[in-house]
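Trainee: What follows is my_file01.cif, mmCIF, N, CA and C atoms.
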```
data_upload
loop_
_atom_site.label_atom_id
_atom_site.label_comp_id
_atom_site.auth_asym_id
_atom_site.auth_seq_id
_atom_site.Cartn_x
_atom_site.Cartn_y
_atom_site.Cartn_z
N MET V 1 -17.52 -10.33 -2.33
CA MET V 1 -16.91 -9.56 -3.40
C MET V 1 -15.61 -8.88 -2.94
N TRP V 2 -15.55 -8.55 -1.65
CA TRP V 2 -14.34 -7.89 -1.14
C TRP V 2 -13.13 -8.79 -1.33
N LEU V 3 -13.32 -10.09 -1.22
CA LEU V 3 -12.21 -11.03 -1.35
C LEU V 3 -11.64 -11.01 -2.77
N VAL V 4 -12.51 -10.92 -3.75
CA VAL V 4 -12.05 -10.84 -5.15
C VAL V 4 -11.18 -9.60 -5.34
N PHE V 5 -11.65 -8.45 -4.84
CA PHE V 5 -10.88 -7.22 -4.99
C PHE V 5 -9.57 -7.28 -4.20
N ALA V 6 -9.60 -7.91 -3.03
CA ALA V 6 -8.37 -8.05 -2.23
C ALA V 6 -7.35 -8.92 -2.96
N LEU V 7 -7.81 -10.01 -3.56
CA LEU V 7 -6.90 -10.87 -4.32
C LEU V 7 -6.36 -10.16 -5.55
N LEU V 8 -7.22 -9.43 -6.25
CA LEU V 8 -6.75 -8.65 -7.40
C LEU V 8 -5.73 -7.60 -6.96
N SER V 9 -5.96 -7.00 -5.81
CA SER V 9 -5.00 -6.03 -5.26
C SER V 9 -3.64 -6.68 -5.06
N ALA V 10 -3.63 -7.90 -4.51
CA ALA V 10 -2.38 -8.61 -4.29
C ALA V 10 -1.67 -8.92 -5.61
N VAL V 11 -2.43 -9.34 -6.61
CA VAL V 11 -1.84 -9.64 -7.91
C VAL V 11 -1.24 -8.37 -8.52
N PHE V 12 -2.00 -7.29 -8.50
CA PHE V 12 -1.49 -6.03 -9.07
C PHE V 12 -0.30 -5.50 -8.27
N ALA V 13 -0.31 -5.69 -6.95
CA ALA V 13 0.83 -5.26 -6.14
C ALA V 13 2.08 -6.05 -6.52
N ALA V 14 1.91 -7.34 -6.79
CA ALA V 14 3.04 -8.17 -7.22
C ALA V 14 3.57 -7.67 -8.56
N LEU V 15 2.67 -7.40 -9.48
CA LEU V 15 3.07 -6.87 -10.79
C LEU V 15 3.77 -5.52 -10.63
N THR V 16 3.26 -4.69 -9.71
CA THR V 16 3.87 -3.40 -9.46
C THR V 16 5.33 -3.55 -9.09
N SER V 17 5.61 -4.49 -8.19
CA SER V 17 6.99 -4.69 -7.73
C SER V 17 7.91 -5.13 -8.86
N ILE V 18 7.47 -6.08 -9.64
CA ILE V 18 8.31 -6.60 -10.72
C ILE V 18 8.50 -5.55 -11.82
N LEU V 19 7.41 -4.92 -12.22
CA LEU V 19 7.50 -3.89 -13.27
C LEU V 19 8.35 -2.71 -12.80
N ALA V 20 8.20 -2.32 -11.53
CA ALA V 20 8.98 -1.20 -10.99
C ALA V 20 10.46 -1.54 -10.94
N LYS V 21 10.79 -2.74 -10.53
CA LYS V 21 12.20 -3.14 -10.42
C LYS V 21 12.88 -3.04 -11.79
N VAL V 22 12.19 -3.44 -12.83
CA VAL V 22 12.75 -3.34 -14.18
C VAL V 22 12.77 -1.87 -14.63
N GLY V 23 11.70 -1.14 -14.38
CA GLY V 23 11.59 0.24 -14.85
C GLY V 23 12.46 1.24 -14.13
N ILE V 24 12.82 0.94 -12.90
CA ILE V 24 13.56 1.91 -12.10
C ILE V 24 15.06 1.90 -12.40
N GLU V 25 15.50 0.90 -13.13
CA GLU V 25 16.93 0.79 -13.45
C GLU V 25 17.42 2.04 -14.18
N GLY V 26 18.38 2.71 -13.57
CA GLY V 26 18.96 3.91 -14.16
C GLY V 26 18.12 5.16 -14.00
N VAL V 27 17.07 5.09 -13.19
CA VAL V 27 16.18 6.24 -12.96
C VAL V 27 16.22 6.58 -11.48
N ASN V 28 16.29 7.85 -11.14
CA ASN V 28 16.23 8.28 -9.75
C ASN V 28 14.93 7.77 -9.13
N SER V 29 15.03 7.20 -7.93
CA SER V 29 13.85 6.59 -7.31
C SER V 29 12.75 7.60 -7.03
N ASN V 30 13.09 8.84 -6.68
CA ASN V 30 12.07 9.86 -6.44
C ASN V 30 11.35 10.23 -7.74
N LEU V 31 12.12 10.34 -8.82
CA LEU V 31 11.51 10.63 -10.13
C LEU V 31 10.61 9.48 -10.55
N ALA V 32 11.06 8.25 -10.35
CA ALA V 32 10.25 7.08 -10.70
C ALA V 32 8.95 7.07 -9.90
N THR V 33 9.04 7.40 -8.62
CA THR V 33 7.83 7.46 -7.78
C THR V 33 6.88 8.53 -8.28
N ALA V 34 7.41 9.68 -8.68
CA ALA V 34 6.56 10.76 -9.19
C ALA V 34 5.85 10.35 -10.48
N ILE V 35 6.57 9.66 -11.35
CA ILE V 35 5.95 9.19 -12.60
C ILE V 35 4.84 8.20 -12.28
N ARG V 36 5.13 7.24 -11.41
CA ARG V 36 4.13 6.25 -11.01
C ARG V 36 2.91 6.94 -10.39
N THR V 37 3.17 7.90 -9.53
CA THR V 37 2.08 8.61 -8.85
C THR V 37 1.22 9.37 -9.85
N GLY V 38 1.85 9.98 -10.84
CA GLY V 38 1.09 10.68 -11.88
C GLY V 38 0.16 9.74 -12.63
N VAL V 39 0.65 8.56 -12.94
CA VAL V 39 -0.18 7.57 -13.62
C VAL V 39 -1.34 7.14 -12.74
N VAL V 40 -1.05 6.89 -11.45
CA VAL V 40 -2.10 6.50 -10.51
C VAL V 40 -3.13 7.62 -10.39
N LEU V 41 -2.68 8.87 -10.33
CA LEU V 41 -3.57 10.01 -10.22
C LEU V 41 -4.52 10.09 -11.42
N LEU V 42 -3.97 9.95 -12.62
CA LEU V 42 -4.81 9.98 -13.83
C LEU V 42 -5.81 8.83 -13.82
N MET V 43 -5.34 7.66 -13.43
CA MET V 43 -6.22 6.49 -13.40
C MET V 43 -7.35 6.67 -12.38
N ALA V 44 -7.02 7.16 -11.20
CA ALA V 44 -8.02 7.34 -10.14
C ALA V 44 -9.08 8.37 -10.55
N TRP V 45 -8.63 9.53 -11.07
CA TRP V 45 -9.60 10.54 -11.51
C TRP V 45 -10.39 10.07 -12.72
N GLY V 46 -9.76 9.27 -13.57
CA GLY V 46 -10.49 8.68 -14.69
C GLY V 46 -11.65 7.83 -14.20
N MET V 47 -11.41 7.03 -13.16
CA MET V 47 -12.48 6.20 -12.59
C MET V 47 -13.58 7.05 -11.95
N VAL V 48 -13.18 8.15 -11.31
CA VAL V 48 -14.18 9.05 -10.70
C VAL V 48 -15.12 9.59 -11.77
N PHE V 49 -14.54 10.05 -12.88
CA PHE V 49 -15.38 10.62 -13.94
C PHE V 49 -16.12 9.54 -14.71
N LEU V 50 -15.50 8.38 -14.88
CA LEU V 50 -16.16 7.27 -15.57
C LEU V 50 -17.40 6.80 -14.81
N THR V 51 -17.31 6.81 -13.48
CA THR V 51 -18.44 6.38 -12.65
C THR V 51 -19.33 7.54 -12.23
N ASN V 52 -18.98 8.73 -12.70
CA ASN V 52 -19.78 9.94 -12.44
C ASN V 52 -19.99 10.19 -10.94
N THR V 53 -18.91 10.06 -10.17
CA THR V 53 -19.01 10.25 -8.72
C THR V 53 -18.32 11.54 -8.25
N GLN V 54 -17.90 12.38 -9.18
CA GLN V 54 -17.21 13.62 -8.81
C GLN V 54 -18.09 14.57 -8.00
N GLY V 55 -19.39 14.42 -8.08
CA GLY V 55 -20.30 15.28 -7.32
C GLY V 55 -20.22 15.04 -5.82
N GLY V 56 -19.65 13.92 -5.41
CA GLY V 56 -19.55 13.60 -3.99
C GLY V 56 -18.50 14.39 -3.25
N ILE V 57 -17.66 15.15 -3.97
CA ILE V 57 -16.59 15.91 -3.32
C ILE V 57 -17.14 16.88 -2.28
N SER V 58 -18.22 17.55 -2.62
CA SER V 58 -18.77 18.56 -1.70
C SER V 58 -19.34 17.95 -0.42
N GLY V 59 -19.63 16.67 -0.44
CA GLY V 59 -20.20 16.02 0.74
C GLY V 59 -19.17 15.43 1.69
N ILE V 60 -17.90 15.59 1.37
CA ILE V 60 -16.86 15.02 2.22
C ILE V 60 -16.67 15.89 3.45
N SER V 61 -16.72 15.28 4.62
CA SER V 61 -16.60 16.03 5.88
C SER V 61 -15.15 16.48 6.10
N PRO V 62 -14.97 17.53 6.92
CA PRO V 62 -13.61 17.97 7.24
C PRO V 62 -12.76 16.85 7.86
N LYS V 63 -13.37 16.03 8.71
CA LYS V 63 -12.64 14.91 9.31
C LYS V 63 -12.16 13.95 8.22
N SER V 64 -13.03 13.63 7.29
CA SER V 64 -12.64 12.73 6.20
C SER V 64 -11.53 13.35 5.36
N TRP V 65 -11.64 14.64 5.05
CA TRP V 65 -10.58 15.34 4.30
C TRP V 65 -9.24 15.18 5.02
N LEU V 66 -9.25 15.45 6.32
CA LEU V 66 -8.02 15.38 7.11
C LEU V 66 -7.40 13.99 7.02
N PHE V 67 -8.22 12.96 7.26
CA PHE V 67 -7.67 11.61 7.28
C PHE V 67 -7.31 11.10 5.89
N LEU V 68 -8.03 11.53 4.87
CA LEU V 68 -7.65 11.17 3.50
C LEU V 68 -6.33 11.83 3.10
N ILE V 69 -6.14 13.07 3.52
CA ILE V 69 -4.87 13.77 3.25
C ILE V 69 -3.72 13.09 4.00
N LEU V 70 -3.95 12.77 5.28
CA LEU V 70 -2.92 12.07 6.05
C LEU V 70 -2.60 10.71 5.43
N SER V 71 -3.63 10.00 4.97
CA SER V 71 -3.43 8.72 4.31
C SER V 71 -2.61 8.89 3.02
N GLY V 72 -2.90 9.96 2.28
CA GLY V 72 -2.14 10.25 1.07
C GLY V 72 -0.67 10.54 1.38
N LEU V 73 -0.42 11.27 2.46
CA LEU V 73 0.96 11.55 2.86
C LEU V 73 1.68 10.26 3.26
N ALA V 74 0.97 9.39 3.99
CA ALA V 74 1.56 8.10 4.37
C ALA V 74 1.84 7.24 3.14
N THR V 75 0.91 7.26 2.19
CA THR V 75 1.11 6.51 0.94
C THR V 75 2.33 7.04 0.19
N GLY V 76 2.43 8.36 0.10
CA GLY V 76 3.57 8.96 -0.59
C GLY V 76 4.89 8.60 0.07
N ALA V 77 4.93 8.66 1.39
CA ALA V 77 6.14 8.30 2.11
C ALA V 77 6.48 6.82 1.90
N SER V 78 5.45 5.97 1.93
CA SER V 78 5.64 4.54 1.71
C SER V 78 6.20 4.28 0.31
N TRP V 79 5.62 4.90 -0.68
CA TRP V 79 6.07 4.69 -2.06
C TRP V 79 7.49 5.19 -2.28
N LEU V 80 7.81 6.35 -1.72
CA LEU V 80 9.18 6.87 -1.86
C LEU V 80 10.20 5.91 -1.24
N CYS V 81 9.89 5.43 -0.05
CA CYS V 81 10.79 4.48 0.62
C CYS V 81 10.85 3.16 -0.12
N TYR V 82 9.70 2.69 -0.59
CA TYR V 82 9.62 1.42 -1.30
C TYR V 82 10.45 1.45 -2.59
N TYR V 83 10.29 2.50 -3.36
CA TYR V 83 11.03 2.61 -4.62
C TYR V 83 12.53 2.72 -4.39
N ARG V 84 12.92 3.43 -3.35
CA ARG V 84 14.35 3.52 -3.04
C ARG V 84 14.89 2.16 -2.62
N ALA V 85 14.15 1.48 -1.75
CA ALA V 85 14.57 0.14 -1.32
C ALA V 85 14.63 -0.81 -2.51
N LEU V 86 13.65 -0.71 -3.40
CA LEU V 86 13.61 -1.58 -4.57
C LEU V 86 14.76 -1.29 -5.52
N GLN V 87 15.14 -0.03 -5.59
CA GLN V 87 16.24 0.35 -6.48
C GLN V 87 17.57 -0.22 -6.00
N ILE V 88 17.79 -0.24 -4.70
CA ILE V 88 19.10 -0.66 -4.19
C ILE V 88 19.10 -2.08 -3.63
N GLY V 89 17.92 -2.69 -3.52
CA GLY V 89 17.84 -4.05 -2.97
C GLY V 89 17.20 -5.00 -3.95
N GLU V 90 17.17 -6.26 -3.57
CA GLU V 90 16.54 -7.29 -4.39
C GLU V 90 15.03 -7.30 -4.13
N ALA V 91 14.25 -7.37 -5.20
CA ALA V 91 12.79 -7.38 -5.07
C ALA V 91 12.34 -8.52 -4.16
N SER V 92 13.00 -9.66 -4.25
CA SER V 92 12.61 -10.83 -3.46
C SER V 92 12.85 -10.63 -1.96
N LYS V 93 13.61 -9.60 -1.60
CA LYS V 93 13.82 -9.28 -0.19
C LYS V 93 13.06 -8.03 0.24
N VAL V 94 12.97 -7.06 -0.66
CA VAL V 94 12.26 -5.82 -0.34
C VAL V 94 10.77 -6.08 -0.13
N VAL V 95 10.16 -6.85 -1.03
CA VAL V 95 8.72 -7.06 -0.98
C VAL V 95 8.27 -7.75 0.31
N PRO V 96 8.93 -8.84 0.75
CA PRO V 96 8.48 -9.43 2.03
C PRO V 96 8.57 -8.47 3.21
N ILE V 97 9.62 -7.67 3.24
CA ILE V 97 9.75 -6.70 4.34
C ILE V 97 8.62 -5.67 4.25
N ASP V 98 8.32 -5.23 3.04
CA ASP V 98 7.20 -4.29 2.84
C ASP V 98 5.90 -4.89 3.36
N LYS V 99 5.74 -6.19 3.20
CA LYS V 99 4.50 -6.84 3.63
C LYS V 99 4.40 -7.01 5.14
N LEU V 100 5.45 -6.64 5.86
CA LEU V 100 5.33 -6.57 7.32
C LEU V 100 4.28 -5.53 7.71
N SER V 101 3.87 -4.73 6.74
CA SER V 101 2.80 -3.77 6.99
C SER V 101 1.54 -4.48 7.50
N VAL V 102 1.38 -5.75 7.16
CA VAL V 102 0.24 -6.51 7.67
C VAL V 102 0.29 -6.57 9.19
N ILE V 103 1.47 -6.84 9.73
CA ILE V 103 1.62 -6.93 11.19
C ILE V 103 1.40 -5.55 11.82
N PHE V 104 1.99 -4.53 11.22
CA PHE V 104 1.79 -3.17 11.75
C PHE V 104 0.33 -2.77 11.70
N THR V 105 -0.37 -3.15 10.62
CA THR V 105 -1.79 -2.82 10.49
C THR V 105 -2.62 -3.52 11.56
N LEU V 106 -2.32 -4.80 11.81
CA LEU V 106 -3.03 -5.51 12.87
C LEU V 106 -2.89 -4.79 14.21
N ALA V 107 -1.66 -4.41 14.53
CA ALA V 107 -1.41 -3.73 15.81
C ALA V 107 -2.10 -2.37 15.86
N LEU V 108 -1.97 -1.59 14.80
CA LEU V 108 -2.58 -0.25 14.79
C LEU V 108 -4.10 -0.33 14.78
N ALA V 109 -4.67 -1.32 14.09
CA ALA V 109 -6.13 -1.49 14.09
C ALA V 109 -6.63 -1.85 15.48
N PHE V 110 -5.85 -2.64 16.20
CA PHE V 110 -6.22 -3.01 17.57
C PHE V 110 -6.15 -1.78 18.48
N ILE V 111 -5.07 -1.01 18.36
CA ILE V 111 -4.86 0.14 19.25
C ILE V 111 -5.82 1.28 18.95
N PHE V 112 -5.92 1.67 17.66
CA PHE V 112 -6.67 2.88 17.32
C PHE V 112 -8.10 2.63 16.88
N LEU V 113 -8.37 1.50 16.26
CA LEU V 113 -9.72 1.23 15.76
C LEU V 113 -10.48 0.27 16.67
N HIS V 114 -9.79 -0.22 17.71
CA HIS V 114 -10.38 -1.14 18.68
C HIS V 114 -10.94 -2.40 18.02
N GLU V 115 -10.25 -2.85 16.96
CA GLU V 115 -10.64 -4.10 16.33
C GLU V 115 -10.16 -5.26 17.18
N LYS V 116 -10.82 -6.39 17.04
CA LYS V 116 -10.46 -7.57 17.83
C LYS V 116 -9.07 -8.08 17.43
N PHE V 117 -8.32 -8.45 18.43
CA PHE V 117 -7.03 -9.11 18.21
C PHE V 117 -7.19 -10.51 18.77
N THR V 118 -7.33 -11.46 17.90
CA THR V 118 -7.64 -12.83 18.31
C THR V 118 -6.38 -13.70 18.28
N ALA V 119 -6.53 -14.91 18.79
CA ALA V 119 -5.43 -15.88 18.72
C ALA V 119 -5.06 -16.12 17.26
N LYS V 120 -6.06 -16.16 16.39
CA LYS V 120 -5.82 -16.35 14.96
C LYS V 120 -4.99 -15.19 14.39
N SER V 121 -5.30 -13.97 14.80
CA SER V 121 -4.52 -12.81 14.36
C SER V 121 -3.09 -12.89 14.84
N LEU V 122 -2.92 -13.30 16.11
CA LEU V 122 -1.59 -13.42 16.68
C LEU V 122 -0.77 -14.48 15.96
N ILE V 123 -1.37 -15.63 15.74
CA ILE V 123 -0.66 -16.71 15.04
C ILE V 123 -0.32 -16.30 13.61
N GLY V 124 -1.28 -15.68 12.93
CA GLY V 124 -1.03 -15.20 11.56
C GLY V 124 0.10 -14.18 11.52
N GLY V 125 0.10 -13.26 12.46
CA GLY V 125 1.16 -12.26 12.54
C GLY V 125 2.52 -12.87 12.79
N ILE V 126 2.55 -13.84 13.69
CA ILE V 126 3.82 -14.53 13.97
C ILE V 126 4.32 -15.26 12.73
N LEU V 127 3.40 -15.93 12.04
CA LEU V 127 3.79 -16.66 10.82
C LEU V 127 4.29 -15.72 9.72
N ILE V 128 3.62 -14.57 9.57
CA ILE V 128 4.07 -13.58 8.58
C ILE V 128 5.46 -13.08 8.95
N GLY V 129 5.65 -12.76 10.22
CA GLY V 129 6.96 -12.30 10.67
C GLY V 129 8.04 -13.34 10.48
N ALA V 130 7.73 -14.59 10.84
CA ALA V 130 8.70 -15.68 10.67
C ALA V 130 8.99 -15.92 9.19
N GLY V 131 7.94 -15.89 8.38
CA GLY V 131 8.13 -16.07 6.93
C GLY V 131 8.98 -14.98 6.33
N THR V 132 8.79 -13.77 6.78
CA THR V 132 9.60 -12.65 6.29
C THR V 132 11.06 -12.86 6.66
N LEU V 133 11.29 -13.23 7.91
CA LEU V 133 12.67 -13.48 8.34
C LEU V 133 13.33 -14.58 7.51
N LEU V 134 12.60 -15.65 7.26
CA LEU V 134 13.14 -16.74 6.46
C LEU V 134 13.49 -16.29 5.04
N MET V 135 12.70 -15.41 4.49
CA MET V 135 12.91 -14.97 3.12
C MET V 135 14.07 -13.99 2.96
N VAL V 136 14.32 -13.19 3.99
CA VAL V 136 15.31 -12.13 3.83
C VAL V 136 16.67 -12.47 4.44
N LEU V 137 16.73 -13.47 5.28
CA LEU V 137 18.03 -13.83 5.90
C LEU V 137 18.80 -14.81 5.04
#
```
Can you give me the file's structure in the form of structure tokens?
Mentor:
Amino acid sequence: MWLVFALLSAVFAALTSILAKVGIEGVNSNLATAIRTGVVLLMAWGMVFLTNTQGGISGISPKSWLFLILSGLATGASWLCYYRALQIGEASKVVPIDKLSVIFTLALAFIFLHEKFTAKSLIGGILIGAGTLLMVL
């Protein structure tokens, strides 16, 4: 089931890029990011209440709070940079560079989460990097 959600995530991310590129025209990128974030916030809390999981807030550990907050800050920084890049660059070049996050994630997961780094991971990372270079040069 995780694969279905991962594929849906990729489809929605693609739609995000195209819709944002059209919507950001003539709008300050920070303002556009704030509007997008507000919509995401409403949608996320809507799902929490729809699934009746709001009671789980009190059970979140301080460590989880810290890392969720840090993750939120990283997401915010990513979105601000992404929208600015999308505003001044071509979507067909911005998006592949943004997807270099796959390579960074592989490296960070190996270093900090001690996940396996296999030959398959290395080859995949090289191919993603090479594909990105081909698309943006």
Trainee: Using atom C of Ser17 in chain V and CA of Ala91 in chain V as the two end points, give the distance in Å to one decimal.
Mentor: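 Computing it gives 6.6 Å between the two atoms.
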Trainee: Expressed in Å to a single decimal, how great is the separation between atom C of Trp65 in chain V and atom C of Lys116 in chain V?
Mentor: 26.4 Å
Trainee: Could you please determine the separation between atom C of Asn30 in chain V and CA of Ile97 in chain V in Å, to one decimal place?
Mentor: 20.9 Å
Trainee: Within 7 Å of Val136 in chain V, counting only C-alpha atoms, which residues show up once you throw out same-chain ones fewer than 3 positions away? Write them as an MDAnalysis selection string, please.
Mentor: chainID V and resid 93 132:133
Trainee: List every residue of range 19-124 of chain V that DSSP, applied to the backbone of this structure, places in helix (DSSP H, G or I), and write the result as a count of residues only.
Mentor: 86
Trainee: Report as a compact mmCIF listing (two decimals) with N, CA and C atoms, keeping the file's coordinate frame all protein, DNA and RNA residues lying within 10 Å of Ala32 in chain V, evaluated on only C-alpha atoms, omitting residues in the same chain fewer than 6 positions from it.
Mentor:
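Dumped everything to result.txt:
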```txt
# COMPACT_ATOMS: atom_id res chain seq x y z
N ALA V 20 8.20 -2.32 -11.53
CA ALA V 20 8.98 -1.20 -10.99
C ALA V 20 10.46 -1.54 -10.94
N GLY V 23 11.70 -1.14 -14.38
CA GLY V 23 11.59 0.24 -14.85
C GLY V 23 12.46 1.24 -14.13
N ILE V 24 12.82 0.94 -12.90
CA ILE V 24 13.56 1.91 -12.10
C ILE V 24 15.06 1.90 -12.40
N GLU V 25 15.50 0.90 -13.13
CA GLU V 25 16.93 0.79 -13.45
C GLU V 25 17.42 2.04 -14.18
N GLY V 26 18.38 2.71 -13.57
CA GLY V 26 18.96 3.91 -14.16
C GLY V 26 18.12 5.16 -14.00
N GLY V 38 1.85 9.98 -10.84
CA GLY V 38 1.09 10.68 -11.88
C GLY V 38 0.16 9.74 -12.63
N TRP V 79 5.62 4.90 -0.68
CA TRP V 79 6.07 4.69 -2.06
C TRP V 79 7.49 5.19 -2.28
N LEU V 80 7.81 6.35 -1.72
CA LEU V 80 9.18 6.87 -1.86
C LEU V 80 10.20 5.91 -1.24
N TYR V 83 10.29 2.50 -3.36
CA TYR V 83 11.03 2.61 -4.62
C TYR V 83 12.53 2.72 -4.39
N ARG V 84 12.92 3.43 -3.35
CA ARG V 84 14.35 3.52 -3.04
C ARG V 84 14.89 2.16 -2.62
N GLN V 87 15.14 -0.03 -5.59
CA GLN V 87 16.24 0.35 -6.48
C GLN V 87 17.57 -0.22 -6.00
```
Trainee: Using only N, CA and C atoms, which of V:Gly46, V:Ile128, V:Val40, V:Ile35 sits nearest Pro96 in chain V?
Mentor: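 Of all the options, V:Ile128 lies closest to Pro96 in chain V.
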Trainee: Need the neighbours of (-3.1, -6.1, 15.5): which residues are at most 8 Å away, counting only N, CA and C atoms, as an NGL selection string?
Mentor: :V and (102-111 or 115-118 or 121-122)
Trainee: Let me make sure I understand: among V:Met135, V:Ala13, V:Leu19, V:Ala44, which one has the smallest atom-to-atom distance to Ser92 in chain V if we use only N, CA and C atoms?
Mentor: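 Residue with the minimum atom-to-atom distance to Ser92 in chain V: V:Met135.
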Trainee: Residues within 8 Å of Val94 in chain V, please, as a list in words. Count all atoms listed in the file; anything in the same chain fewer than 5 positions from it doesn't count.
Mentor: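 My reading of the contact set: Tyr82, Ala85, Leu86, Gly89, Lys99, Met135 and Val136 of chain V.
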Trainee: When distances are computed from only C-alpha atoms, which of V:Val48, V:Phe112, V:Leu41, V:Val95 shows the smallest separation from Cys81 in chain V?
Mentor: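 For Cys81 in chain V, the nearest of the candidates is V:Val95.
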Trainee: Which is closer to Ser29 in chain V than all the others in V:Ala6, V:Leu50, V:Ile88, V:Ala130, using only C-alpha atoms?
Mentor: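 Distance minimum relative to Ser29 in chain V lands on V:Ile88.
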